[in-house]
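S.K.: Next up is a structure, given as structure tokens.
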Amino acid sequence: MKIGNLLYTGKAKDVYSSENNDNVIIKFRDDITAGDGEKKDNLQSKGECNSLISSKLFEVLEEKGIKTQYIKLIESGLILSEKLEMIPLEIIVRNIATGSIIKKFPFNKNQEFNPPIIQFDFKNDEYHDPMLNDDIILALKIANKEELKEIRKISLQINDILSKFLKKKGILLVDFKIEFGKNLNGDIRLGDEISPDTCRFWDIKTLKTLDKDLFRKGEGDVMDVYKKVCKLIVSEEDLKKNGELIWH
Ligand SMILES: Nc1ncnc2c1ncn2[C@@H]1O[C@H](COP(=O)(O)OP(=O)(O)OP(=O)(O)O)[C@@H](O)[C@H]1O
Ligand SMILES: [Mg+2]
């Protein structure tokens with residue numbers, strides 16, 4: 001497949017045009033950042049690893065009827081997706097209290113949220129991604145009432161589907177961040193990525209961290225853990241087809 005022009009570049013991925021104007025090619029880079037972009041590194045194979053994990057999780061969601069950007073994994077590191085106009089919201093779904101929420105509010109560390117909490121942050125580096133509420137979202141015209149309702153509903157469905165899938169793989173889905181966008185018809189689709197960069201995954205038995213928190217805290221070998229997650233989530237067959245570069 002021919003990769004077109006670079007449309008834009010983010011902190012961990014590049015978005016390229018493709019032969020078809022409706023689609024884009026998302027390249028997962030090895031860059032990793034934390035703390036509002038202040039902490040940075042480059043971890044060999046992270047991009048390939050995350051692209052395989054994200055592909056698998058988007059496939060799981062599509063199978064369960066969630067409408068997403070996902071078209072196919074071109075090769076490890078490159079995903080063909082529907083082109084979206086991104087909605088500048090970071091939708092954070094939380095099942096367990098940890099991270100920024102226990103710094104901002106008097107929740108007990110590791111308390112369960114049942115029902116899960118949905119938090120909306122403004123995806124805007126200049127304003128440092130502040131937390132929003134519905135009225136601010138409506139006043140800023142980021143989304144309208146119906147769109148917000150739809151985004152909430154899909155986000156909870158995604159939480160249910162992924163929590164169940166990951167549980168079977170020995171992973172507890174603690175919380176995650178997703179982004180939505182609109183395709184050329186104006187329909188809302190799940191975009192961006194779902195990976196250890198954007199989720200908190202804990203080992204279901206030991207409750208050990210299997211995600212970017214290791215990098216945030218400077219603990220342990222981040223890539224060791226990302227590769228472990230990749231092996232748990234991605235089928236042997238897909239790893240054989242696409243994962244050679246990661247493992248050798
Ligand atoms: N299907 C899509 N069509 C168009 N743009 C997309 C699509 N999926 C994701 N994007 C956008 O691609 C950009 C690149 O992703 P990346 O995660 O590297 O950047 P970032 O979001 O600026 O960084 P960070 O996630 O660290 O804040 C993001 O702005 C994301 O919203
Ligand atoms: Mg991003």
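Here, A, B, ... name the chains of the structure tokens in the order displayed, residue numbers run from 1 inside each chain, and ligands are numbered from 1 in the same displayed order.
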Please identify which residues in segment 86-174 of chain A DSSP calls alpha helix (DSSP H) from the backbone, and express them as number ranges by chain.

M.R.: A: 100-104, 134-139, 145-168

S.K.: Excluding segment 56-68 of chain A and residues on its chain fewer than 6 positions from it, collect all residues at most 7 Å away from it, counting only C-alpha atoms, and give them as a list in words.

M.R.: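 Listing them by chain and then by number gives Ile158, Ile161, Arg189, Leu190, Gly191, Ile194 and Val234 of chain A.
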
S.K.: Go ahead and compute the interatomic distance for atom CA of Ile136 of chain A and atom CA of Ala12 of chain A, in Å to one decimal.

M.R.: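 Atom-to-atom, atom CA of Ile136 of chain A and atom CA of Ala12 of chain A are spaced 28.1 Å apart.
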
S.K.: Which residue out of A:Leu78, A:Leu84, A:Ile178, A:Ala97 has the minimum interatomic distance to ligand 2 when only C-alpha atoms and all ligand atoms are used?

M.R.: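 Distance minimum relative to ligand 2 lands on A:Ile178.
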
S.K.: Kindly provide, as a list in words, all nucleotide and amino acid residues lying within 7 Å of ligand 1, counting only C-alpha atoms and all ligand atoms.

M.R.: Tyr8, Thr9, Gly10, Lys11, Ala12, Lys13, Asp14, Val15, Val24, Thr33, Gly37, Gln69, Ser81, Glu82, Lys83, Leu84, Glu85, Met86, Glu179, Gly191, Asp192 and Glu193 of chain A

S.K.: Check the smallest atom-to-atom distance from each of A:Asp203, A:Glu90, A:Asp213, A:Asp160 to Lys228 of chain A using only C-alpha atoms, then report the winner.

M.R.: A:Asp203

S.K.: Looking at A:Asp134, A:Asp129, A:Asp221, A:Asp22, which one is nearest to ligand 2, with distances taken over only C-alpha atoms and all ligand atoms?

M.R.: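 Residue with the minimum atom-to-atom distance to ligand 2: A:Asp129.
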
S.K.: Taking only C-alpha atoms into account, name the residue in A:Gly47, A:Pro116, A:Gly218, A:Pro130 that is nearest to Pro88 of chain A.

M.R.: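 Closest to Pro88 of chain A of all the choices is A:Pro130.
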
S.K.: Given the choices A:Asp135, A:Asp41, A:Asp224, A:Asp197, which gets closest to ligand 2 if the distance is worked out from only C-alpha atoms and all ligand atoms?

M.R.: A:Asp197

S.K.: With distances taken over only C-alpha atoms and all ligand atoms, which of A:Lys123, A:Lys212, A:Lys104, A:Lys205 is nearest to ligand 2?

M.R.: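 When distances to ligand 2 are compared using only C-alpha atoms and all ligand atoms, the smallest one comes from A:Lys123.
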